[in-house]
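Asker: Got a structure for you, questions after.
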Amino acid sequence: MKPPHTRRVVELKIPNELGYEKIARETVGTVAKRLGFDDERIADIKLAIAEACTNAISYGSQTDTRTKIIVVLTADEEKLEILVKDPGFGDSPPPTEVTVPDIHKMVEGKAKLGGMGLYIIQELVDKAEFIQSGDDNGNQFHMVIYRMNDEDIEFNAAKST
Amino acid sequence: MKPPHTRRVVELKIPNELGYEKIARETVGTVAKRLGFDDERIADIKLAIAEACTNAISYGSQTDTRTKIIVVLTADEEKLEILVKDPGFGDSPPPTEVTVPDIHKMVEGKAKLGGMGLYIIQELVDKAEFIQSGDDNGNQFHMVIYRMNDEDIEFNAAKST
Amino acid sequence: MSDEIQVDVQYIDDKTAIIHLEGDVTTFSEKDINDAYKAASDNDNSNIIFNFRENDYINSAGIAILIGVVTEARKQNQRLIMAIPSSHFQKIFRMVGLTQYADIYSSLEEAKAQI
Amino acid sequence: MSDEIQVDVQYIDDKTAIIHLEGDVTTFSEKDINDAYKAASDNDNSNIIFNFRENDYINSAGIAILIGVVTEARKQNQRLIMAIPSSHFQKIFRMVGLTQYADIYSSLEEAKAQI
Ligand SMILES: Nc1ncnc2c1ncn2[C@@H]1O[C@H](COP(=O)(O)OP(=O)(O)O)[C@@H](O)[C@H]1O
Ligand SMILES: Nc1ncnc2c1ncn2[C@@H]1O[C@H](COP(=O)(O)OP(=O)(O)O)[C@@H](O)[C@H]1O
């Protein structure tokens, strides 16, 4: 375990209004750059957080713009963790499974356009899931991005066996 | 008075470590752009917030990076307000007056390099001041940037007389 | 937020139109993109080139708009070609299967060379 | 954070050196800028041009570094010329009085034309 002071935490609260996810995107971009992620990975992380915030705004909240979406970025030597919390005021709880979008069905008019956000997030980050929230009724969407690249991980895995 | 829901509030907490003011800078940049400020004014606002955060990190906090600097951005139809809060753990309270830096003395070695942050802030924004904090001992630095440009204000002032 | 994208249509010959996009491809650009696609299709153009920039941004709502365009282009028997310099963008397009409905190149020059 | 600025020195004739800066001029760039200034001064150059970019960023700590350079350049009887395309930058330089110690132009071309 790392001592707690090697962790850096940035917290952001944005109004629950479409467009404000852009602030979360820029914020995580600055943090990810500071952590030394390369440009491609930064673009991935920015898109993942934007999708998560868009969902939190669209499905987790009511239209009252005073309601806030909370984004917590926690970085340590090993990983960047992202938590996106919404008040959970939506019509339905978040899904437990991610469905792979079928573009052929969409193009043929057999499936409705959309339903790609969670799938894209899942492909872009190392871990993504809704987690049980504590006392309140809000939803928490949790993402993890490891700072090592795949080669490092393979290298270390090989060493440890 | 505007009804409260036309206000938009973005809140940011950053670790008290030099370099993290960059996150506040990017965040306010995104907000200011959204509010329709022009590029020059956005650059002014970004510099002002960066200077305020640098001061909060350098003078308002101890070296413990778990301590947070809190930045609150409040926008309404009329203005953007920025509040930068530090824990007030510094050696001395914030100054009550801003001294105009004297570059000639600095160049001649008669004044120490620096002491320009508060002056630059004051020149760039419409209002800047330390305000008394509430129950806790922290410092709060408050800035206001009006959304109207000077011509609009003159125009309206002329109309109302 | 619609000023976050700029969309221009350029007609390069009687069969080909280029839609130049610069900025954020999101919900807020739906009308701009659909209008540009209609304008590009008006002249009975059979080739439509989408020209993205290196620093453009797209999210899942933007992808959905492009799937809408793909759907319409199939009906009209148009050929869709996309110039996408950003490798991040190309990856997202592959991920959702858009690459199966449009020919993707890394630059406008390469895209134009195909027609 | 020192990778946030890139500093290069270019010698254009036996009297003039250009210091090209790209990025953030802050505390973190102090060493890079002072090293570049020393390198530019080494050849007994009497003209030193600082070339900033449109999108560069400077804060009060960065200004203090440049005042340090100005102080040294006065001692060495050098002429300082600054190419500053950003009007925001120019405003800050005027505000603190740096414009009284360096000739400011909006482009590198104009700056070079003065020597
Ligand atoms: N934060 C959330 N709260 C409640 N439901 C959610 C949340 N995020 C996603 N969902 C549900 O999951 C579905 C799939 O989301 P997504 O994959 O992003 O696609 P889309 O937004 O296009 O429907 C949404 O339609 C919504 O019903
Ligand atoms: N948040 C703060 N808390 C305590 N003191 C402060 C704070 N901000 C500024 N100061 C004091 O005001 C002085 C002037 O600040 P500034 O104009 O930014 O210049 P500099 O940082 O170069 O000294 C600082 O040296 C410091 O003593």
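Going by the structure tokens order, chains are called A, B, ..., each with residues numbered from 1, while ligands are numbered from 1 in the order shown.
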Write out as an mmCIF file with N, CA and C atoms, in the first residue's frame each polymer residue (protein, DNA or RNA) that has an atom no more than 7 Å from ligand 2, with only C-alpha atoms and all ligand atoms counted.
Answerer:
```cif
data_model
loop_
_atom_site.group_PDB
_atom_site.id
_atom_site.type_symbol
_atom_site.label_atom_id
_atom_site.label_comp_id
_atom_site.auth_asym_id
_atom_site.auth_seq_id
_atom_site.Cartn_x
_atom_site.Cartn_y
_atom_site.Cartn_z
ATOM 1 N N GLU B 51 -3.190 32.957 -10.971
ATOM 2 C CA GLU B 51 -2.440 33.722 -9.968
ATOM 3 C C GLU B 51 -3.063 33.560 -8.580
ATOM 4 N N ALA B 52 -4.382 33.619 -8.520
ATOM 5 C CA ALA B 52 -5.053 33.479 -7.224
ATOM 6 C C ALA B 52 -4.811 32.090 -6.636
ATOM 7 N N ASN B 55 -1.188 31.736 -5.396
ATOM 8 C CA ASN B 55 -1.067 32.365 -4.077
ATOM 9 C C ASN B 55 -1.665 31.492 -2.980
ATOM 10 N N ALA B 56 -2.857 30.941 -3.266
ATOM 11 C CA ALA B 56 -3.511 30.088 -2.261
ATOM 12 C C ALA B 56 -2.629 28.890 -1.940
ATOM 13 N N TYR B 59 0.933 30.524 -0.254
ATOM 14 C CA TYR B 59 0.897 31.290 1.000
ATOM 15 C C TYR B 59 -0.216 30.872 1.939
ATOM 16 N N GLY B 60 -1.247 30.212 1.411
ATOM 17 C CA GLY B 60 -2.411 29.939 2.248
ATOM 18 C C GLY B 60 -2.413 28.542 2.834
ATOM 19 N N ASP B 86 -8.478 29.122 0.449
ATOM 20 C CA ASP B 86 -7.384 28.307 0.944
ATOM 21 C C ASP B 86 -7.569 28.096 2.439
ATOM 22 N N GLY B 88 -5.817 28.808 4.905
ATOM 23 C CA GLY B 88 -5.336 29.864 5.792
ATOM 24 C C GLY B 88 -4.273 29.404 6.766
ATOM 25 N N GLY B 90 -1.132 29.661 6.263
ATOM 26 C CA GLY B 90 0.120 30.348 5.963
ATOM 27 C C GLY B 90 0.688 31.100 7.158
ATOM 28 N N SER B 92 1.244 34.333 7.415
ATOM 29 C CA SER B 92 0.673 35.652 7.663
ATOM 30 C C SER B 92 -0.656 35.770 6.926
ATOM 31 N N PRO B 93 -1.521 36.672 7.405
ATOM 32 C CA PRO B 93 -2.797 36.871 6.708
ATOM 33 C C PRO B 93 -2.563 37.539 5.357
ATOM 34 N N PRO B 94 -3.515 37.431 4.449
ATOM 35 C CA PRO B 94 -3.346 38.065 3.141
ATOM 36 C C PRO B 94 -3.315 39.584 3.280
ATOM 37 N N PRO B 95 -2.663 40.276 2.367
ATOM 38 C CA PRO B 95 -2.536 41.728 2.459
ATOM 39 C C PRO B 95 -3.881 42.413 2.227
ATOM 40 N N GLY B 114 9.398 39.896 -8.215
ATOM 41 C CA GLY B 114 8.128 39.290 -7.827
ATOM 42 C C GLY B 114 7.157 40.307 -7.263
ATOM 43 N N GLY B 115 6.191 39.797 -6.496
ATOM 44 C CA GLY B 115 5.186 40.676 -5.919
ATOM 45 C C GLY B 115 4.259 41.304 -6.957
ATOM 46 N N MET B 116 4.037 40.570 -8.056
ATOM 47 C CA MET B 116 3.220 41.132 -9.133
ATOM 48 C C MET B 116 1.862 40.464 -9.301
ATOM 49 N N GLY B 117 1.682 39.321 -8.624
ATOM 50 C CA GLY B 117 0.472 38.530 -8.850
ATOM 51 C C GLY B 117 -0.820 39.288 -8.548
ATOM 52 N N LEU B 118 -0.913 39.843 -7.347
ATOM 53 C CA LEU B 118 -2.155 40.530 -6.964
ATOM 54 C C LEU B 118 -2.400 41.757 -7.835
ATOM 55 N N TYR B 119 -1.296 42.436 -8.195
ATOM 56 C CA TYR B 119 -1.440 43.600 -9.063
ATOM 57 C C TYR B 119 -1.990 43.217 -10.442
ATOM 58 N N ASN B 139 -8.783 31.679 4.068
ATOM 59 C CA ASN B 139 -8.881 32.931 3.318
ATOM 60 C C ASN B 139 -9.757 32.716 2.103
ATOM 61 N N SER D 60 2.825 35.491 -13.427
ATOM 62 C CA SER D 60 3.695 36.480 -12.782
ATOM 63 C C SER D 60 5.067 35.897 -12.484
ATOM 64 N N ALA D 61 5.138 34.585 -12.216
ATOM 65 C CA ALA D 61 6.444 33.957 -11.978
ATOM 66 C C ALA D 61 7.261 33.958 -13.278
#
```
Asker: With a cut-off of 10 Å, could you pull out the residues of chain A touching chain C and give me the nearest pair of atoms for each, distance in Å to one decimal, using only C-alpha atoms, ordered by chain and ascending number, as a tab-separated table?
Answerer:
```
residue	atom	partner	partner_atom	distance
A:Leu18	CA	C:Thr27	CA	9.1
A:Gly19	CA	C:Met1	CA	7.3
A:Asp39	CA	C:His88	CA	9.0
A:Glu40	CA	C:His88	CA	5.9
A:Arg41	CA	C:His88	CA	8.3
A:Ile42	CA	C:His88	CA	9.5
A:Ala43	CA	C:His88	CA	6.7
A:Asp44	CA	C:His88	CA	7.1
A:Lys46	CA	C:Tyr57	CA	9.7
A:Leu47	CA	C:Asn59	CA	6.5
A:Ala48	CA	C:Asn59	CA	8.9
A:Ala50	CA	C:Asn59	CA	7.8
A:Glu51	CA	C:Asn59	CA	7.1
A:Thr54	CA	C:Ala61	CA	9.7
A:Val100	CA	C:Val96	CA	8.7
A:Pro101	CA	C:Val96	CA	7.0
A:Asp102	CA	C:Val96	CA	7.8
A:Ile103	CA	C:Gly97	CA	6.2
A:His104	CA	C:Gly97	CA	8.3
A:Met106	CA	C:Ile67	CA	7.6
A:Val107	CA	C:Thr71	CA	4.8
A:Glu108	CA	C:Thr71	CA	7.2
A:Gly109	CA	C:Thr71	CA	8.2
A:Lys112	CA	C:Ala64	CA	9.6
A:Leu113	CA	C:Ala64	CA	5.9
A:Gly114	CA	C:Ala64	CA	5.6
A:Gly115	CA	C:Ser60	CA	8.2
A:Met116	CA	C:Ser60	CA	5.9
A:Gly117	CA	C:Ser60	CA	5.5
A:Leu118	CA	C:Ser60	CA	9.2
A:Tyr119	CA	C:Val96	CA	8.9
A:Ile120	CA	C:Met95	CA	7.5
A:Ile121	CA	C:Ser60	CA	9.7
A:Glu123	CA	C:Met95	CA	8.1
A:Leu124	CA	C:Ile92	CA	9.1
```
Asker: Could you dump the residues just selected with C-alpha atoms as a short mmCIF file (atom, residue, chain, number, x, y, z; two decimals), in the first residue's frame?
Answerer:
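The file below, result.cif, is the result:
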```
data_model
loop_
_atom_site.label_atom_id
_atom_site.label_comp_id
_atom_site.auth_asym_id
_atom_site.auth_seq_id
_atom_site.Cartn_x
_atom_site.Cartn_y
_atom_site.Cartn_z
CA LEU A 18 -25.88 19.04 -21.16
CA GLY A 19 -22.72 20.80 -22.31
CA ASP A 39 -2.16 11.95 -26.36
CA GLU A 40 -4.12 8.95 -27.62
CA ARG A 41 -4.82 7.71 -24.09
CA ILE A 42 -5.76 11.25 -23.01
CA ALA A 43 -8.31 11.42 -25.83
CA ASP A 44 -9.71 8.05 -24.68
CA LYS A 46 -11.61 12.49 -22.06
CA LEU A 47 -14.24 10.71 -24.14
CA ALA A 48 -14.95 8.16 -21.39
CA ALA A 50 -17.67 12.90 -21.13
CA GLU A 51 -19.89 9.90 -21.87
CA THR A 54 -23.59 12.90 -20.27
CA VAL A 100 -22.77 -4.26 -27.71
CA PRO A 101 -24.37 -1.85 -30.17
CA ASP A 102 -25.41 -3.35 -33.52
CA ILE A 103 -24.82 -0.76 -36.22
CA HIS A 104 -26.31 -3.01 -38.93
CA MET A 106 -29.51 0.69 -36.68
CA VAL A 107 -28.77 1.27 -40.37
CA GLU A 108 -31.60 -1.09 -41.34
CA GLY A 109 -33.95 0.74 -38.99
CA LYS A 112 -32.91 2.75 -32.47
CA LEU A 113 -29.93 5.02 -32.98
CA GLY A 114 -27.77 5.26 -29.89
CA GLY A 115 -27.08 3.08 -26.88
CA MET A 116 -23.35 3.27 -27.54
CA GLY A 117 -22.04 5.35 -24.62
CA LEU A 118 -21.48 2.63 -22.03
CA TYR A 119 -20.03 0.31 -24.68
CA ILE A 120 -17.52 2.92 -25.81
CA ILE A 121 -16.53 3.69 -22.20
CA GLU A 123 -13.73 -0.34 -24.54
CA LEU A 124 -11.68 2.75 -23.66
#
```
Asker: Please list as a PDB file with N, CA and C atoms, in the first residue's frame every residue within 12 Å of Ala73 of chain C, counting only C-alpha atoms and excluding residues in the same chain fewer than 5 positions away.
Answerer:
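This went into out.pdb:
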```pdb
ATOM      1  N   VAL A 107     -28.739   0.805 -38.981  1.00  0.00           N
ATOM      2  CA  VAL A 107     -28.767   1.270 -40.371  1.00  0.00           C
ATOM      3  C   VAL A 107     -30.003   0.725 -41.091  1.00  0.00           C
ATOM      4  N   GLU A 108     -30.408  -0.493 -40.702  1.00  0.00           N
ATOM      5  CA  GLU A 108     -31.598  -1.091 -41.337  1.00  0.00           C
ATOM      6  C   GLU A 108     -32.888  -0.642 -40.661  1.00  0.00           C
TER       7      GLU A 108
ATOM      8  N   ASN C  34     -26.674  17.580 -40.391  1.00  0.00           N
ATOM      9  CA  ASN C  34     -27.739  17.100 -41.270  1.00  0.00           C
ATOM     10  C   ASN C  34     -28.028  18.087 -42.398  1.00  0.00           C
ATOM     11  N   TYR C  37     -25.266  17.712 -44.899  1.00  0.00           N
ATOM     12  CA  TYR C  37     -25.422  16.481 -45.671  1.00  0.00           C
ATOM     13  C   TYR C  37     -26.509  16.654 -46.731  1.00  0.00           C
ATOM     14  N   LYS C  38     -27.598  17.313 -46.371  1.00  0.00           N
ATOM     15  CA  LYS C  38     -28.675  17.552 -47.350  1.00  0.00           C
ATOM     16  C   LYS C  38     -28.168  18.426 -48.492  1.00  0.00           C
ATOM     17  N   ALA C  40     -25.146  18.757 -49.473  1.00  0.00           N
ATOM     18  CA  ALA C  40     -24.176  17.992 -50.253  1.00  0.00           C
ATOM     19  C   ALA C  40     -24.873  16.994 -51.176  1.00  0.00           C
ATOM     20  N   SER C  41     -26.048  16.516 -50.748  1.00  0.00           N
ATOM     21  CA  SER C  41     -26.768  15.514 -51.535  1.00  0.00           C
ATOM     22  C   SER C  41     -27.617  16.149 -52.630  1.00  0.00           C
ATOM     23  N   ASP C  44     -27.323  15.801 -56.541  1.00  0.00           N
ATOM     24  CA  ASP C  44     -27.199  14.424 -56.990  1.00  0.00           C
ATOM     25  C   ASP C  44     -25.781  13.915 -56.877  1.00  0.00           C
ATOM     26  N   ASN C  45     -25.049  14.440 -55.915  1.00  0.00           N
ATOM     27  CA  ASN C  45     -23.681  13.973 -55.742  1.00  0.00           C
ATOM     28  C   ASN C  45     -23.676  12.519 -55.317  1.00  0.00           C
ATOM     29  N   SER C  46     -22.837  11.730 -55.966  1.00  0.00           N
ATOM     30  CA  SER C  46     -22.788  10.330 -55.572  1.00  0.00           C
ATOM     31  C   SER C  46     -21.615  10.028 -54.643  1.00  0.00           C
ATOM     32  N   ASN C  47     -20.689  10.976 -54.529  1.00  0.00           N
ATOM     33  CA  ASN C  47     -19.592  10.796 -53.573  1.00  0.00           C
ATOM     34  C   ASN C  47     -19.651  11.902 -52.529  1.00  0.00           C
ATOM     35  N   ILE C  48     -19.663  11.507 -51.272  1.00  0.00           N
ATOM     36  CA  ILE C  48     -19.634  12.518 -50.215  1.00  0.00           C
ATOM     37  C   ILE C  48     -18.410  12.249 -49.333  1.00  0.00           C
ATOM     38  N   ILE C  49     -17.581  13.248 -49.237  1.00  0.00           N
ATOM     39  CA  ILE C  49     -16.392  13.127 -48.396  1.00  0.00           C
ATOM     40  C   ILE C  49     -16.603  13.914 -47.104  1.00  0.00           C
ATOM     41  N   LEU C  66     -23.781  10.437 -37.323  1.00  0.00           N
ATOM     42  CA  LEU C  66     -23.124   9.893 -38.519  1.00  0.00           C
ATOM     43  C   LEU C  66     -23.766   8.579 -38.967  1.00  0.00           C
ATOM     44  N   ILE C  67     -24.240   7.786 -38.002  1.00  0.00           N
ATOM     45  CA  ILE C  67     -24.955   6.558 -38.391  1.00  0.00           C
ATOM     46  C   ILE C  67     -26.250   6.923 -39.112  1.00  0.00           C
ATOM     47  N   GLY C  68     -26.877   7.994 -38.685  1.00  0.00           N
ATOM     48  CA  GLY C  68     -28.049   8.511 -39.401  1.00  0.00           C
ATOM     49  C   GLY C  68     -27.707   8.893 -40.836  1.00  0.00           C
ATOM     50  N   GLN C  78     -25.265   6.509 -52.265  1.00  0.00           N
ATOM     51  CA  GLN C  78     -24.072   7.362 -52.283  1.00  0.00           C
ATOM     52  C   GLN C  78     -22.870   6.614 -51.718  1.00  0.00           C
ATOM     53  N   ARG C  79     -21.710   7.020 -52.144  1.00  0.00           N
ATOM     54  CA  ARG C  79     -20.503   6.475 -51.555  1.00  0.00           C
ATOM     55  C   ARG C  79     -19.995   7.467 -50.506  1.00  0.00           C
ATOM     56  N   LEU C  80     -19.748   6.977 -49.276  1.00  0.00           N
ATOM     57  CA  LEU C  80     -19.250   7.842 -48.212  1.00  0.00           C
ATOM     58  C   LEU C  80     -17.760   7.595 -48.013  1.00  0.00           C
ATOM     59  N   ILE C  81     -17.018   8.675 -48.002  1.00  0.00           N
ATOM     60  CA  ILE C  81     -15.574   8.594 -47.778  1.00  0.00           C
ATOM     61  C   ILE C  81     -15.256   9.535 -46.615  1.00  0.00           C
ATOM     62  N   TYR C 101     -19.258   1.044 -43.263  1.00  0.00           N
ATOM     63  CA  TYR C 101     -20.192   1.780 -44.116  1.00  0.00           C
ATOM     64  C   TYR C 101     -19.555   2.979 -44.811  1.00  0.00           C
ATOM     65  N   ALA C 102     -18.288   3.217 -44.517  1.00  0.00           N
ATOM     66  CA  ALA C 102     -17.608   4.354 -45.148  1.00  0.00           C
ATOM     67  C   ALA C 102     -16.144   3.985 -45.346  1.00  0.00           C
TER      68      ALA C 102
END
```
Asker: Skip segment 28-35 of chain A itself and residues of its chain fewer than 3 positions away, then list as a ChimeraX atom specification all residues within 9 Å of it, counting only C-alpha atoms.
Answerer: /A:10,23-25,38-39,41-43,45-46,49,73,75,77,80,82,147 /B:19-20,22-23,26 /D:1
Asker: Would you give me, as a Markdown table, each residue of chain A having an atom within 7 Å of an atom of chain B, along with its shortest atom pair and that distance in Å to one decimal, using only C-alpha atoms and sorting by chain and residue number?
Answerer:
```
| residue | atom | partner | partner_atom | distance |
| --- | --- | --- | --- | --- |
| A:His5 | CA | B:Arg66 | CA | 6.4 |
| A:Arg8 | CA | B:Pro15 | CA | 6.4 |
| A:Val9 | CA | B:Pro15 | CA | 6.4 |
| A:Val10 | CA | B:Ile14 | CA | 4.9 |
| A:Glu11 | CA | B:Lys13 | CA | 4.9 |
| A:Leu12 | CA | B:Leu12 | CA | 4.5 |
| A:Lys13 | CA | B:Glu11 | CA | 4.9 |
| A:Ile14 | CA | B:Val10 | CA | 4.9 |
| A:Pro15 | CA | B:Val9 | CA | 6.4 |
| A:Ile23 | CA | B:Thr27 | CA | 5.9 |
| A:Glu26 | CA | B:Glu26 | CA | 6.6 |
| A:Thr27 | CA | B:Ile23 | CA | 5.9 |
| A:Thr30 | CA | B:Ile23 | CA | 6.1 |
| A:Thr65 | CA | B:His5 | CA | 6.8 |
| A:Arg66 | CA | B:His5 | CA | 6.5 |
```
Asker: With only C-alpha atoms as the counted atoms, please give the residues lying no more than 10 Å from Tyr11 of chain D, apart from itself and same-chain residues fewer than 2 positions off, as a ChimeraX atom specification.
Answerer: /D:9,13-19,39-40,43,45,48
Asker: Suppose we keep all heavy atoms; can you now write the selection as a CSV table (one decimal), in the first residue's frame?
Answerer:
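As a result, selection15.csv now contains:
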```csv
chain,number,residue,atom,x,y,z
D,9,VAL,N,17.6,27.7,-28.9
D,9,VAL,CA,18.4,28.9,-29.2
D,9,VAL,C,18.9,28.7,-30.7
D,9,VAL,O,19.3,27.7,-31.1
D,9,VAL,CB,19.6,29.0,-28.3
D,9,VAL,CG1,20.4,30.2,-28.7
D,9,VAL,CG2,19.1,29.0,-26.9
D,13,ASP,N,23.2,35.4,-36.8
D,13,ASP,CA,24.5,35.9,-37.4
D,13,ASP,C,25.4,36.1,-36.2
D,13,ASP,O,25.1,35.7,-35.1
D,13,ASP,CB,24.3,37.2,-38.2
D,13,ASP,CG,23.7,38.3,-37.3
D,13,ASP,OD1,24.1,38.5,-36.1
D,13,ASP,OD2,22.8,39.1,-37.8
D,14,ASP,N,26.6,36.7,-36.4
D,14,ASP,CA,27.6,36.7,-35.3
D,14,ASP,C,27.2,37.7,-34.2
D,14,ASP,O,27.9,37.8,-33.2
D,14,ASP,CB,29.0,36.9,-35.8
D,14,ASP,CG,29.1,38.2,-36.6
D,14,ASP,OD1,28.0,38.6,-37.1
D,14,ASP,OD2,30.1,38.7,-36.8
D,15,LYS,N,26.1,38.4,-34.4
D,15,LYS,CA,25.7,39.3,-33.3
D,15,LYS,C,24.3,39.0,-32.7
D,15,LYS,O,23.9,39.6,-31.7
D,15,LYS,CB,25.7,40.8,-33.9
D,15,LYS,CG,27.0,41.4,-33.9
D,15,LYS,CD,27.0,42.8,-34.6
D,15,LYS,CE,25.8,43.6,-34.4
D,15,LYS,NZ,25.7,44.8,-35.3
D,16,THR,N,23.6,38.1,-33.4
D,16,THR,CA,22.2,37.9,-33.0
D,16,THR,C,21.8,36.5,-32.7
D,16,THR,O,22.1,35.6,-33.5
D,16,THR,CB,21.2,38.5,-34.1
D,16,THR,OG1,21.6,39.8,-34.4
D,16,THR,CG2,19.8,38.4,-33.7
D,17,ALA,N,21.1,36.3,-31.6
D,17,ALA,CA,20.6,34.9,-31.3
D,17,ALA,C,19.1,35.1,-31.0
D,17,ALA,O,18.6,36.1,-30.5
D,17,ALA,CB,21.3,34.4,-30.1
D,18,ILE,N,18.4,34.0,-31.5
D,18,ILE,CA,16.9,34.0,-31.2
D,18,ILE,C,16.6,32.9,-30.2
D,18,ILE,O,17.1,31.8,-30.3
D,18,ILE,CB,16.1,33.7,-32.5
D,18,ILE,CG1,16.4,34.7,-33.6
D,18,ILE,CG2,14.6,33.7,-32.2
D,18,ILE,CD1,15.6,34.4,-34.9
D,19,ILE,N,15.9,33.2,-29.1
D,19,ILE,CA,15.4,32.2,-28.2
D,19,ILE,C,14.0,31.9,-28.5
D,19,ILE,O,13.1,32.8,-28.3
D,19,ILE,CB,15.6,32.7,-26.7
D,19,ILE,CG1,17.1,33.0,-26.5
D,19,ILE,CG2,15.0,31.7,-25.8
D,19,ILE,CD1,17.3,33.6,-25.1
D,39,ALA,N,23.2,30.6,-23.0
D,39,ALA,CA,23.7,30.1,-24.3
D,39,ALA,C,23.7,31.2,-25.4
D,39,ALA,O,24.6,31.3,-26.2
D,39,ALA,CB,22.9,28.8,-24.8
D,40,ALA,N,22.6,31.9,-25.4
D,40,ALA,CA,22.5,33.0,-26.4
D,40,ALA,C,23.5,34.1,-26.2
D,40,ALA,O,23.9,34.7,-27.1
D,40,ALA,CB,21.0,33.5,-26.4
D,43,ASN,N,28.1,33.7,-27.2
D,43,ASN,CA,28.8,34.1,-28.4
D,43,ASN,C,29.0,35.6,-28.4
D,43,ASN,O,29.2,36.1,-29.5
D,43,ASN,CB,28.1,33.7,-29.6
D,43,ASN,CG,28.4,32.3,-30.0
D,43,ASN,OD1,28.9,31.5,-29.2
D,43,ASN,ND2,28.0,31.9,-31.2
D,45,ASN,N,26.8,37.7,-28.3
D,45,ASN,CA,25.7,38.3,-29.1
D,45,ASN,C,25.2,39.6,-28.4
D,45,ASN,O,25.0,39.7,-27.2
D,45,ASN,CB,24.6,37.3,-29.2
D,45,ASN,CG,24.9,36.2,-30.1
D,45,ASN,OD1,25.1,36.4,-31.3
D,45,ASN,ND2,25.0,35.0,-29.5
D,48,ILE,N,19.4,40.0,-28.7
D,48,ILE,CA,18.8,38.8,-28.3
D,48,ILE,C,17.3,38.9,-28.6
D,48,ILE,O,16.6,39.8,-28.1
D,48,ILE,CB,19.0,38.4,-26.8
D,48,ILE,CG1,20.4,38.5,-26.4
D,48,ILE,CG2,18.3,37.0,-26.5
D,48,ILE,CD1,21.1,37.3,-25.9
```
Asker: Where in segment 12-151 of chain B does DSSP assign strand (DSSP E or B), given as JSON, numbers by chain?
Answerer: {"B": [12, 13, 14, 15, 68, 69, 70, 71, 72, 73, 74, 75, 79, 80, 81, 82, 83, 84, 85, 86, 127, 128, 129, 130, 131, 139, 140, 141, 142, 143, 144, 145, 146]}
Asker: List the spatial neighbours of Gln114 of chain D as a ChimeraX atom specification - criterion: any atom at most 10 Å away, only C-alpha atoms, same-chain residues fewer than 4 positions off excluded.
Answerer: /D:81,103,105,109-110
Asker: Quick check for you: according to DSSP on this backbone, which residues of segment 15-108 of chain C are classed as helix (DSSP H, G or I)? Reply as a PyMOL selection string.
Answerer: chain C and resi 27-42+60-75+87-96+98-100+108
Asker: Within 6 Å of Ile5 of chain C, counting only C-alpha atoms, which residues show up once you throw out same-chain ones fewer than 6 positions away? Write them as a PDB file with C-alpha atoms, in the first residue's frame, please.
Answerer:
```
ATOM      1  CA  GLU C  22     -14.122  21.513 -37.519  1.00  0.00           C
ATOM      2  CA  GLY C  23     -14.859  21.306 -33.809  1.00  0.00           C
ATOM      3  CA  ASP C  24     -17.070  19.137 -31.618  1.00  0.00           C
TER       4      ASP C  24
END
```
Asker: To one decimal place in Å, what is the distance between atom CA of Ser29 of chain D and atom CA of Phe52 of chain D?
Answerer: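 Pair atom CA of Ser29 of chain D / atom CA of Phe52 of chain D returns 13.7 Å.
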